[in-house]
file coords38.txt (compact mmCIF, N, CA and C atoms)
# COMPACT_ATOMS: atom_id res chain seq x y z
N MET Y 1 12.81 -16.26 0.37
CA MET Y 1 12.21 -15.00 -0.03
C MET Y 1 10.74 -14.98 0.38
N TYR Y 2 10.26 -13.81 0.69
CA TYR Y 2 8.86 -13.57 1.00
C TYR Y 2 8.27 -12.76 -0.14
N ALA Y 3 6.97 -12.91 -0.38
CA ALA Y 3 6.34 -12.16 -1.47
C ALA Y 3 4.97 -11.65 -1.05
N ASN Y 4 4.69 -10.40 -1.38
CA ASN Y 4 3.38 -9.78 -1.19
C ASN Y 4 2.92 -9.23 -2.53
N TYR Y 5 1.63 -9.31 -2.78
CA TYR Y 5 1.04 -8.83 -4.02
C TYR Y 5 -0.07 -7.83 -3.69
N ALA Y 6 -0.27 -6.85 -4.55
CA ALA Y 6 -1.38 -5.90 -4.38
C ALA Y 6 -1.91 -5.51 -5.75
N ILE Y 7 -3.23 -5.30 -5.82
CA ILE Y 7 -3.85 -4.81 -7.04
C ILE Y 7 -4.90 -3.76 -6.68
N ALA Y 8 -5.25 -2.95 -7.66
CA ALA Y 8 -6.36 -1.99 -7.54
C ALA Y 8 -6.26 -1.12 -6.30
N VAL Y 9 -5.18 -0.37 -6.19
CA VAL Y 9 -4.97 0.53 -5.05
C VAL Y 9 -5.59 1.89 -5.37
N THR Y 10 -6.51 2.35 -4.53
CA THR Y 10 -7.10 3.68 -4.71
C THR Y 10 -7.12 4.42 -3.38
N VAL Y 11 -7.02 5.72 -3.46
CA VAL Y 11 -7.23 6.62 -2.31
C VAL Y 11 -8.19 7.69 -2.81
N GLU Y 12 -9.39 7.68 -2.24
CA GLU Y 12 -10.42 8.61 -2.68
C GLU Y 12 -10.98 9.37 -1.50
N GLU Y 13 -11.48 10.58 -1.77
CA GLU Y 13 -12.20 11.31 -0.73
C GLU Y 13 -13.38 10.46 -0.30
N TYR Y 14 -13.72 10.53 0.99
CA TYR Y 14 -14.77 9.70 1.56
C TYR Y 14 -15.71 10.61 2.33
N ASP Y 15 -17.01 10.56 2.00
CA ASP Y 15 -17.97 11.46 2.64
C ASP Y 15 -18.65 10.86 3.87
N GLY Y 16 -18.16 9.74 4.36
CA GLY Y 16 -18.73 9.07 5.52
C GLY Y 16 -19.65 7.93 5.14
N ALA Y 17 -20.13 7.93 3.89
CA ALA Y 17 -21.00 6.87 3.42
C ALA Y 17 -20.44 6.18 2.17
N ALA Y 18 -19.75 6.94 1.34
CA ALA Y 18 -19.22 6.39 0.08
C ALA Y 18 -18.06 7.23 -0.40
N ALA Y 19 -17.27 6.63 -1.29
CA ALA Y 19 -16.18 7.38 -1.93
C ALA Y 19 -16.78 8.42 -2.85
N VAL Y 20 -16.15 9.58 -2.90
CA VAL Y 20 -16.59 10.66 -3.79
C VAL Y 20 -16.06 10.36 -5.19
N ALA Y 21 -16.93 10.38 -6.17
CA ALA Y 21 -16.57 10.04 -7.55
C ALA Y 21 -15.42 10.91 -8.07
N ASP Y 22 -14.54 10.29 -8.84
CA ASP Y 22 -13.46 10.97 -9.54
C ASP Y 22 -12.48 11.70 -8.61
N THR Y 23 -12.20 11.13 -7.44
CA THR Y 23 -11.26 11.77 -6.52
C THR Y 23 -10.03 10.91 -6.24
N ASN Y 24 -9.81 9.83 -6.98
CA ASN Y 24 -8.65 8.98 -6.74
C ASN Y 24 -7.36 9.77 -6.97
N VAL Y 25 -6.44 9.73 -6.01
CA VAL Y 25 -5.19 10.48 -6.10
C VAL Y 25 -3.98 9.58 -6.40
N ILE Y 26 -4.20 8.28 -6.60
CA ILE Y 26 -3.12 7.33 -6.85
C ILE Y 26 -2.86 7.21 -8.35
N MET Y 27 -1.59 7.26 -8.75
CA MET Y 27 -1.20 7.03 -10.14
C MET Y 27 -1.00 5.53 -10.35
N ASN Y 28 -1.34 5.05 -11.54
CA ASN Y 28 -1.12 3.65 -11.92
C ASN Y 28 -1.67 2.70 -10.86
N GLU Y 29 -2.91 2.93 -10.46
CA GLU Y 29 -3.52 2.16 -9.36
C GLU Y 29 -3.72 0.69 -9.68
N SER Y 30 -3.74 0.33 -10.96
CA SER Y 30 -3.92 -1.07 -11.34
C SER Y 30 -2.62 -1.74 -11.78
N PHE Y 31 -1.51 -1.04 -11.65
CA PHE Y 31 -0.18 -1.58 -12.00
C PHE Y 31 -0.19 -2.13 -13.42
N GLU Y 32 -0.79 -1.36 -14.35
CA GLU Y 32 -0.93 -1.82 -15.73
C GLU Y 32 0.32 -1.62 -16.56
N SER Y 33 1.16 -0.68 -16.19
CA SER Y 33 2.36 -0.46 -16.99
C SER Y 33 3.39 -1.54 -16.66
N THR Y 34 4.32 -1.76 -17.59
CA THR Y 34 5.32 -2.81 -17.38
C THR Y 34 6.31 -2.44 -16.29
N ALA Y 35 6.51 -1.16 -16.08
CA ALA Y 35 7.32 -0.70 -14.94
C ALA Y 35 6.33 -0.10 -13.94
N PRO Y 36 6.61 -0.18 -12.66
CA PRO Y 36 5.65 0.32 -11.66
C PRO Y 36 5.62 1.85 -11.60
N PHE Y 37 5.21 2.48 -12.72
CA PHE Y 37 5.15 3.93 -12.85
C PHE Y 37 4.40 4.55 -11.68
N GLY Y 38 5.00 5.59 -11.07
CA GLY Y 38 4.36 6.28 -9.96
C GLY Y 38 4.68 5.66 -8.61
N TRP Y 39 5.21 4.47 -8.61
CA TRP Y 39 5.48 3.76 -7.36
C TRP Y 39 6.99 3.67 -7.12
N GLY Y 40 7.37 3.66 -5.86
CA GLY Y 40 8.75 3.45 -5.47
C GLY Y 40 8.79 2.46 -4.32
N PHE Y 41 9.96 1.98 -3.99
CA PHE Y 41 10.08 1.09 -2.83
C PHE Y 41 11.39 1.38 -2.11
N TRP Y 42 11.44 0.98 -0.88
CA TRP Y 42 12.63 1.20 -0.06
C TRP Y 42 12.76 0.06 0.92
N CYS Y 43 13.98 -0.41 1.13
CA CYS Y 43 14.25 -1.46 2.10
C CYS Y 43 15.43 -1.03 2.96
N ASP Y 44 15.33 -1.33 4.25
CA ASP Y 44 16.41 -1.08 5.18
C ASP Y 44 17.67 -1.80 4.69
N GLY Y 45 18.83 -1.29 5.01
CA GLY Y 45 20.09 -1.85 4.53
C GLY Y 45 20.30 -3.32 4.81
N ALA Y 46 19.65 -3.87 5.85
CA ALA Y 46 19.81 -5.28 6.19
C ALA Y 46 18.86 -6.17 5.38
N VAL Y 47 17.98 -5.56 4.59
CA VAL Y 47 16.97 -6.30 3.84
C VAL Y 47 17.20 -6.06 2.35
N THR Y 48 17.12 -7.13 1.55
CA THR Y 48 17.18 -7.01 0.10
C THR Y 48 15.78 -7.22 -0.44
N CYS Y 49 15.32 -6.31 -1.31
CA CYS Y 49 13.98 -6.48 -1.85
C CYS Y 49 13.92 -6.03 -3.30
N THR Y 50 12.85 -6.47 -3.99
CA THR Y 50 12.57 -6.06 -5.35
C THR Y 50 11.10 -5.67 -5.43
N PHE Y 51 10.78 -4.81 -6.39
CA PHE Y 51 9.40 -4.38 -6.60
C PHE Y 51 9.17 -4.29 -8.09
N ASP Y 52 8.07 -4.91 -8.56
CA ASP Y 52 7.79 -4.90 -9.98
C ASP Y 52 6.28 -5.02 -10.20
N ALA Y 53 5.85 -4.71 -11.41
CA ALA Y 53 4.46 -4.92 -11.83
C ALA Y 53 4.42 -6.19 -12.66
N VAL Y 54 3.59 -7.16 -12.24
CA VAL Y 54 3.50 -8.44 -12.91
C VAL Y 54 2.03 -8.77 -13.13
N ASP Y 55 1.61 -8.88 -14.38
CA ASP Y 55 0.22 -9.24 -14.72
C ASP Y 55 -0.80 -8.37 -14.01
N GLY Y 56 -0.57 -7.06 -13.98
CA GLY Y 56 -1.52 -6.14 -13.38
C GLY Y 56 -1.50 -6.09 -11.87
N ALA Y 57 -0.49 -6.67 -11.26
CA ALA Y 57 -0.37 -6.65 -9.79
C ALA Y 57 1.03 -6.17 -9.42
N ALA Y 58 1.13 -5.53 -8.27
CA ALA Y 58 2.44 -5.18 -7.73
C ALA Y 58 2.99 -6.41 -7.04
N LEU Y 59 4.26 -6.66 -7.20
CA LEU Y 59 4.92 -7.78 -6.54
C LEU Y 59 6.12 -7.25 -5.78
N LEU Y 60 6.08 -7.40 -4.47
CA LEU Y 60 7.19 -7.00 -3.59
C LEU Y 60 7.79 -8.27 -3.01
N THR Y 61 9.08 -8.52 -3.27
CA THR Y 61 9.77 -9.67 -2.68
C THR Y 61 10.87 -9.16 -1.78
N TYR Y 62 11.14 -9.88 -0.70
CA TYR Y 62 12.17 -9.47 0.25
C TYR Y 62 12.71 -10.69 0.97
N ASP Y 63 13.94 -10.58 1.47
CA ASP Y 63 14.60 -11.75 2.06
C ASP Y 63 14.62 -11.76 3.57
N ALA Y 64 14.10 -10.73 4.22
CA ALA Y 64 14.08 -10.67 5.68
C ALA Y 64 13.07 -9.60 6.11
N TYR Y 65 12.77 -9.60 7.39
CA TYR Y 65 11.92 -8.56 7.95
C TYR Y 65 12.80 -7.51 8.62
N GLY Y 66 12.41 -6.26 8.57
CA GLY Y 66 13.11 -5.22 9.30
C GLY Y 66 12.60 -5.19 10.73
N SER Y 67 13.26 -4.44 11.60
CA SER Y 67 12.84 -4.33 12.99
C SER Y 67 11.77 -3.26 13.19
N GLU Y 68 11.50 -2.45 12.16
CA GLU Y 68 10.45 -1.42 12.21
C GLU Y 68 9.49 -1.64 11.04
N THR Y 69 8.24 -1.18 11.19
CA THR Y 69 7.26 -1.38 10.13
C THR Y 69 7.67 -0.70 8.83
N TRP Y 70 8.46 0.37 8.90
CA TRP Y 70 8.85 1.11 7.70
C TRP Y 70 10.14 0.62 7.07
N HIS Y 71 10.73 -0.47 7.56
CA HIS Y 71 11.98 -0.97 7.00
C HIS Y 71 11.81 -1.60 5.62
N ILE Y 72 10.59 -1.97 5.26
CA ILE Y 72 10.28 -2.44 3.91
C ILE Y 72 9.02 -1.69 3.52
N LYS Y 73 9.09 -0.88 2.44
CA LYS Y 73 7.88 -0.14 2.09
C LYS Y 73 7.80 0.11 0.59
N VAL Y 74 6.55 0.16 0.14
CA VAL Y 74 6.20 0.58 -1.20
C VAL Y 74 5.54 1.93 -1.03
N GLU Y 75 5.89 2.88 -1.87
CA GLU Y 75 5.39 4.23 -1.64
C GLU Y 75 5.10 4.96 -2.94
N GLN Y 76 4.28 5.98 -2.79
CA GLN Y 76 3.99 6.89 -3.88
C GLN Y 76 3.97 8.29 -3.29
N GLY Y 77 4.89 9.13 -3.72
CA GLY Y 77 4.99 10.48 -3.18
C GLY Y 77 4.24 11.49 -4.04
N GLY Y 78 4.23 12.72 -3.55
CA GLY Y 78 3.65 13.81 -4.30
C GLY Y 78 2.13 13.81 -4.35
N ILE Y 79 1.49 13.11 -3.44
CA ILE Y 79 0.03 13.07 -3.41
C ILE Y 79 -0.47 14.31 -2.69
N ALA Y 80 -1.41 15.01 -3.30
CA ALA Y 80 -1.99 16.21 -2.69
C ALA Y 80 -3.32 15.87 -2.04
N PHE Y 81 -3.40 16.07 -0.74
CA PHE Y 81 -4.63 15.85 0.00
C PHE Y 81 -5.23 17.19 0.37
N GLU Y 82 -6.55 17.26 0.33
CA GLU Y 82 -7.25 18.47 0.72
C GLU Y 82 -7.34 18.52 2.24
N GLU Y 83 -6.89 19.61 2.84
CA GLU Y 83 -6.91 19.75 4.29
C GLU Y 83 -8.34 19.65 4.80
N GLY Y 84 -8.53 18.85 5.84
CA GLY Y 84 -9.84 18.68 6.46
C GLY Y 84 -10.71 17.62 5.82
N ALA Y 85 -10.30 17.10 4.65
CA ALA Y 85 -11.09 16.06 3.97
C ALA Y 85 -10.77 14.70 4.57
N THR Y 86 -11.71 13.78 4.49
CA THR Y 86 -11.52 12.39 4.90
C THR Y 86 -11.27 11.58 3.64
N TYR Y 87 -10.34 10.64 3.72
CA TYR Y 87 -10.00 9.79 2.59
C TYR Y 87 -10.11 8.33 2.99
N LYS Y 88 -10.25 7.48 1.98
CA LYS Y 88 -10.27 6.04 2.22
C LYS Y 88 -9.31 5.37 1.25
N LEU Y 89 -8.38 4.58 1.79
CA LEU Y 89 -7.49 3.73 1.01
C LEU Y 89 -8.21 2.41 0.81
N MET Y 90 -8.28 1.93 -0.42
CA MET Y 90 -8.90 0.65 -0.73
C MET Y 90 -7.96 -0.14 -1.64
N PHE Y 91 -7.77 -1.42 -1.35
CA PHE Y 91 -6.88 -2.24 -2.17
C PHE Y 91 -7.17 -3.72 -1.96
N ARG Y 92 -6.69 -4.54 -2.88
CA ARG Y 92 -6.72 -6.00 -2.76
C ARG Y 92 -5.29 -6.46 -2.59
N ALA Y 93 -5.08 -7.47 -1.74
CA ALA Y 93 -3.72 -7.95 -1.51
C ALA Y 93 -3.73 -9.40 -1.07
N LYS Y 94 -2.58 -10.05 -1.22
CA LYS Y 94 -2.35 -11.40 -0.71
C LYS Y 94 -0.85 -11.58 -0.55
N GLY Y 95 -0.46 -12.64 0.12
CA GLY Y 95 0.96 -12.96 0.29
C GLY Y 95 1.21 -14.41 -0.03
N ASP Y 96 2.48 -14.79 -0.05
CA ASP Y 96 2.80 -16.20 -0.26
C ASP Y 96 2.63 -17.00 1.03
N ALA Y 97 2.42 -16.28 2.15
CA ALA Y 97 2.13 -16.88 3.45
C ALA Y 97 1.36 -15.84 4.27
N ALA Y 98 0.65 -16.29 5.29
CA ALA Y 98 -0.07 -15.36 6.16
C ALA Y 98 0.94 -14.53 6.96
N ARG Y 99 0.68 -13.22 7.06
CA ARG Y 99 1.54 -12.33 7.84
C ARG Y 99 0.81 -11.02 8.07
N ASP Y 100 1.23 -10.28 9.06
CA ASP Y 100 0.70 -8.95 9.31
C ASP Y 100 1.49 -7.94 8.48
N PHE Y 101 0.81 -6.87 8.07
CA PHE Y 101 1.50 -5.77 7.42
C PHE Y 101 0.77 -4.48 7.75
N PHE Y 102 1.44 -3.38 7.50
CA PHE Y 102 0.89 -2.06 7.79
C PHE Y 102 0.73 -1.27 6.50
N ALA Y 103 -0.33 -0.49 6.44
CA ALA Y 103 -0.52 0.47 5.35
C ALA Y 103 -0.75 1.82 6.00
N GLY Y 104 -0.22 2.86 5.38
CA GLY Y 104 -0.40 4.17 5.99
C GLY Y 104 0.07 5.29 5.10
N PHE Y 105 -0.05 6.48 5.65
CA PHE Y 105 0.33 7.71 4.96
C PHE Y 105 1.06 8.61 5.93
N TRP Y 106 2.02 9.32 5.40
CA TRP Y 106 2.76 10.33 6.13
C TRP Y 106 2.52 11.64 5.41
N ASN Y 107 1.95 12.62 6.09
CA ASN Y 107 1.62 13.88 5.42
C ASN Y 107 2.67 14.96 5.66
N GLY Y 108 3.82 14.57 6.17
CA GLY Y 108 4.90 15.52 6.43
C GLY Y 108 5.00 15.88 7.89
N SER Y 109 3.91 15.69 8.64
CA SER Y 109 3.94 15.99 10.07
C SER Y 109 3.20 14.95 10.90
N GLU Y 110 2.36 14.14 10.26
CA GLU Y 110 1.55 13.17 11.00
C GLU Y 110 1.48 11.87 10.23
N ASN Y 111 1.55 10.74 10.96
CA ASN Y 111 1.50 9.42 10.36
C ASN Y 111 0.13 8.81 10.60
N PHE Y 112 -0.50 8.30 9.55
CA PHE Y 112 -1.75 7.56 9.64
C PHE Y 112 -1.43 6.13 9.22
N GLU Y 113 -1.65 5.16 10.12
CA GLU Y 113 -1.22 3.79 9.84
C GLU Y 113 -2.21 2.80 10.44
N GLN Y 114 -2.40 1.67 9.74
CA GLN Y 114 -3.27 0.61 10.24
C GLN Y 114 -2.65 -0.74 9.92
N GLN Y 115 -2.80 -1.69 10.84
CA GLN Y 115 -2.30 -3.04 10.63
C GLN Y 115 -3.38 -3.89 9.96
N PHE Y 116 -2.95 -4.75 9.02
CA PHE Y 116 -3.84 -5.67 8.33
C PHE Y 116 -3.27 -7.07 8.42
N ASN Y 117 -4.14 -8.07 8.27
CA ASN Y 117 -3.74 -9.48 8.30
C ASN Y 117 -3.81 -10.04 6.89
N LEU Y 118 -2.65 -10.25 6.31
CA LEU Y 118 -2.53 -10.76 4.96
C LEU Y 118 -2.66 -12.28 4.99
N THR Y 119 -3.34 -12.87 3.99
CA THR Y 119 -3.42 -14.33 3.84
C THR Y 119 -2.94 -14.69 2.44
N THR Y 120 -3.02 -15.96 2.08
CA THR Y 120 -2.60 -16.41 0.76
C THR Y 120 -3.71 -16.26 -0.28
N GLU Y 121 -4.89 -15.81 0.13
CA GLU Y 121 -6.01 -15.56 -0.78
C GLU Y 121 -6.19 -14.06 -0.96
N TRP Y 122 -6.65 -13.64 -2.15
CA TRP Y 122 -6.92 -12.22 -2.38
C TRP Y 122 -8.00 -11.75 -1.42
N GLN Y 123 -7.76 -10.60 -0.79
CA GLN Y 123 -8.72 -9.99 0.13
C GLN Y 123 -8.85 -8.51 -0.19
N ASP Y 124 -10.00 -7.94 0.13
CA ASP Y 124 -10.22 -6.50 0.03
C ASP Y 124 -9.92 -5.86 1.38
N PHE Y 125 -9.19 -4.75 1.34
CA PHE Y 125 -8.84 -4.02 2.56
C PHE Y 125 -9.24 -2.56 2.39
N GLU Y 126 -9.58 -1.89 3.48
CA GLU Y 126 -9.81 -0.45 3.45
C GLU Y 126 -9.37 0.17 4.76
N PHE Y 127 -9.03 1.46 4.65
CA PHE Y 127 -8.48 2.20 5.78
C PHE Y 127 -8.91 3.66 5.61
N GLU Y 128 -9.65 4.18 6.56
CA GLU Y 128 -10.13 5.55 6.51
C GLU Y 128 -9.19 6.45 7.31
N PHE Y 129 -8.87 7.60 6.75
CA PHE Y 129 -8.00 8.54 7.46
C PHE Y 129 -8.36 9.96 7.10

call {"tool": "encode", "arguments": {"input": "coords38.txt", "output": "structure tokens"}}
result
Amino acid sequence: MYANYAIAVTVEEYDGAAAVADTNVIMNESFESTAPFGWGFWCDGAVTCTFDAVDGAALLTYDAYGSETWHIKVEQGGIAFEEGATYKLMFRAKGDAARDFFAGFWNGSENFEQQFNLTTEWQDFEFEF
């Protein structure tokens, strides 16, 4: 099994210099509830995975890699973005081993995606879109 962890996920409006106060659009960004409220996951039929909130962190475990970046995903739908605004995704993450992973957003017509290098130590990541 493979395992990835994430904590403190936020998506906030970004004015080019800093996040705009009180604009986070993510529900349960600290994974504080016992069930991952607001979050869902999906795995391709050839992959078995689980997703849970453990000690304030999201834990995604899976038994194989898919052939596409979207074959294993954690998601939160129903996010309303203001047209023309710039946003920044910020989160901390680590894995049980070093590996690449992708984070992104699909707005119904366009995909915004970036590759990150996960390690076994907690790291801060950000992605502007």

call {"tool": "atom_distance", "arguments": {"input": "coords38.txt", "atom1": "CA of Ser30 in chain Y", "atom2": "CA of Val11 in chain Y"}}
result
12.3 Å

call {"tool": "atom_distance", "arguments": {"input": "coords38.txt", "atom1": "CA of Asp100 in chain Y", "atom2": "CA of Asp55 in chain Y"}}
result
24.0 Å

call {"tool": "atom_distance", "arguments": {"input": "coords38.txt", "atom1": "CA of Ile72 in chain Y", "atom2": "CA of Thr23 in chain Y"}}
result
27.8 Å

call {"tool": "residues_around", "arguments": {"input": "coords38.txt", "residues": "range 78-91 of chain Y", "least_positions_apart": "4", "cutoff": "9 Å", "atoms": "only C-alpha atoms", "output": "list in words"}}
result
Ala6, Ile7, Ala8, Val9, Thr10, Val11, Glu12, Glu13, Tyr14, Asp15, Gly16, Ala19, Val25, Ile26, Ala103, Gly104, Asn107, Gln123, Asp124, Phe125, Glu126, Phe127, Glu128 and Phe129 of chain Y

call {"tool": "select_by_dssp", "arguments": {"input": "coords38.txt", "residues": "range 20-125 of chain Y", "states": "strand (DSSP E)", "output": "MDAnalysis selection string"}}
result
chainID Y and resid 40:43 49:54 57:62 72:75 87:95 99:106 111:118 123:125

call {"tool": "closest_residue", "arguments": {"input": "coords38.txt", "among": "Y:Ala57, Y:Met1, Y:Cys43, Y:Ala17", "to": "Lys73 in chain Y", "atoms": "only C-alpha atoms"}}
result
Y:Cys43

call {"tool": "residues_near_point", "arguments": {"input": "coords38.txt", "point": "(13.8, -2.5, -0.2)", "cutoff": "9 Å", "atoms": "only C-alpha atoms", "output": "PyMOL selection string"}}
result
chain Y and resi 41-45+47-51+60-62+71-74

call {"tool": "residues_around", "arguments": {"input": "coords38.txt", "residues": "Ala58 in chain Y", "least_positions_apart": "5", "cutoff": "6 Å", "atoms": "only C-alpha atoms", "output": "PyMOL selection string"}}
result
chain Y and resi 5-6+52-53

call {"tool": "closest_residue", "arguments": {"input": "coords38.txt", "among": "Y:Tyr2, Y:Trp39, Y:Trp122, Y:Trp106", "to": "Ala93 in chain Y", "atoms": "all atoms listed in the file"}}
result
Y:Trp122

call {"tool": "closest_residue", "arguments": {"input": "coords38.txt", "among": "Y:Gly40, Y:Gly95, Y:Phe105, Y:Phe31", "to": "Leu118 in chain Y", "atoms": "all atoms listed in the file"}}
result
Y:Gly95

call {"tool": "residues_around", "arguments": {"input": "coords38.txt", "residues": "Thr69 in chain Y", "least_positions_apart": "3", "cutoff": "8 Å", "atoms": "only C-alpha atoms", "output": "PDB file with N, CA and C atoms, in the frame of the given file"}}
result
ATOM      1  N   GLY Y  66      12.410  -6.260   8.570  1.00  0.00           N
ATOM      2  CA  GLY Y  66      13.110  -5.220   9.300  1.00  0.00           C
ATOM      3  C   GLY Y  66      12.600  -5.190  10.730  1.00  0.00           C
ATOM      4  N   ILE Y  72      10.590  -1.970   5.260  1.00  0.00           N
ATOM      5  CA  ILE Y  72      10.280  -2.440   3.910  1.00  0.00           C
ATOM      6  C   ILE Y  72       9.020  -1.690   3.520  1.00  0.00           C
ATOM      7  N   PHE Y 101       0.810  -6.870   8.070  1.00  0.00           N
ATOM      8  CA  PHE Y 101       1.500  -5.770   7.420  1.00  0.00           C
ATOM      9  C   PHE Y 101       0.770  -4.480   7.750  1.00  0.00           C
ATOM     10  N   PHE Y 102       1.440  -3.380   7.500  1.00  0.00           N
ATOM     11  CA  PHE Y 102       0.890  -2.060   7.790  1.00  0.00           C
ATOM     12  C   PHE Y 102       0.730  -1.270   6.500  1.00  0.00           C
TER      13      PHE Y 102
END

call {"tool": "decode", "arguments": {"input": "coords38.txt", "residues": "range 65-93 of chain Y", "atoms": "C-alpha atoms", "output": "short mmCIF file (atom, residue, chain, number, x, y, z; two decimals), in the first residue's frame"}}
result
data_model
loop_
_atom_site.label_atom_id
_atom_site.label_comp_id
_atom_site.auth_asym_id
_atom_site.auth_seq_id
_atom_site.Cartn_x
_atom_site.Cartn_y
_atom_site.Cartn_z
CA TYR Y 65 -0.89 3.71 -9.53
CA GLY Y 66 -3.30 4.51 -12.34
CA SER Y 67 -2.10 5.20 -15.89
CA GLU Y 68 -3.48 8.79 -15.75
CA THR Y 69 -2.98 11.50 -13.12
CA TRP Y 70 -6.72 11.52 -12.37
CA HIS Y 71 -7.00 7.75 -11.71
CA ILE Y 72 -6.55 8.40 -7.98
CA LYS Y 73 -7.98 11.66 -6.67
CA VAL Y 74 -9.25 13.47 -3.63
CA GLU Y 75 -11.78 16.13 -4.49
CA GLN Y 76 -14.14 18.75 -3.21
CA GLY Y 77 -16.95 19.85 -5.50
CA GLY Y 78 -19.31 22.77 -5.50
CA ILE Y 79 -16.62 25.42 -5.08
CA ALA Y 80 -17.65 28.81 -6.45
CA PHE Y 81 -14.85 30.83 -8.02
CA GLU Y 82 -15.21 34.45 -9.03
CA GLU Y 83 -14.65 34.85 -12.77
CA GLY Y 84 -11.44 36.73 -13.53
CA ALA Y 85 -10.06 36.37 -9.98
CA THR Y 86 -6.70 34.75 -9.24
CA TYR Y 87 -6.58 32.07 -6.55
CA LYS Y 88 -3.83 30.28 -4.66
CA LEU Y 89 -4.02 26.70 -3.38
CA MET Y 90 -1.87 26.22 -0.26
CA PHE Y 91 -1.37 22.97 1.65
CA ARG Y 92 1.07 20.81 3.62
CA ALA Y 93 1.67 17.22 2.53
#
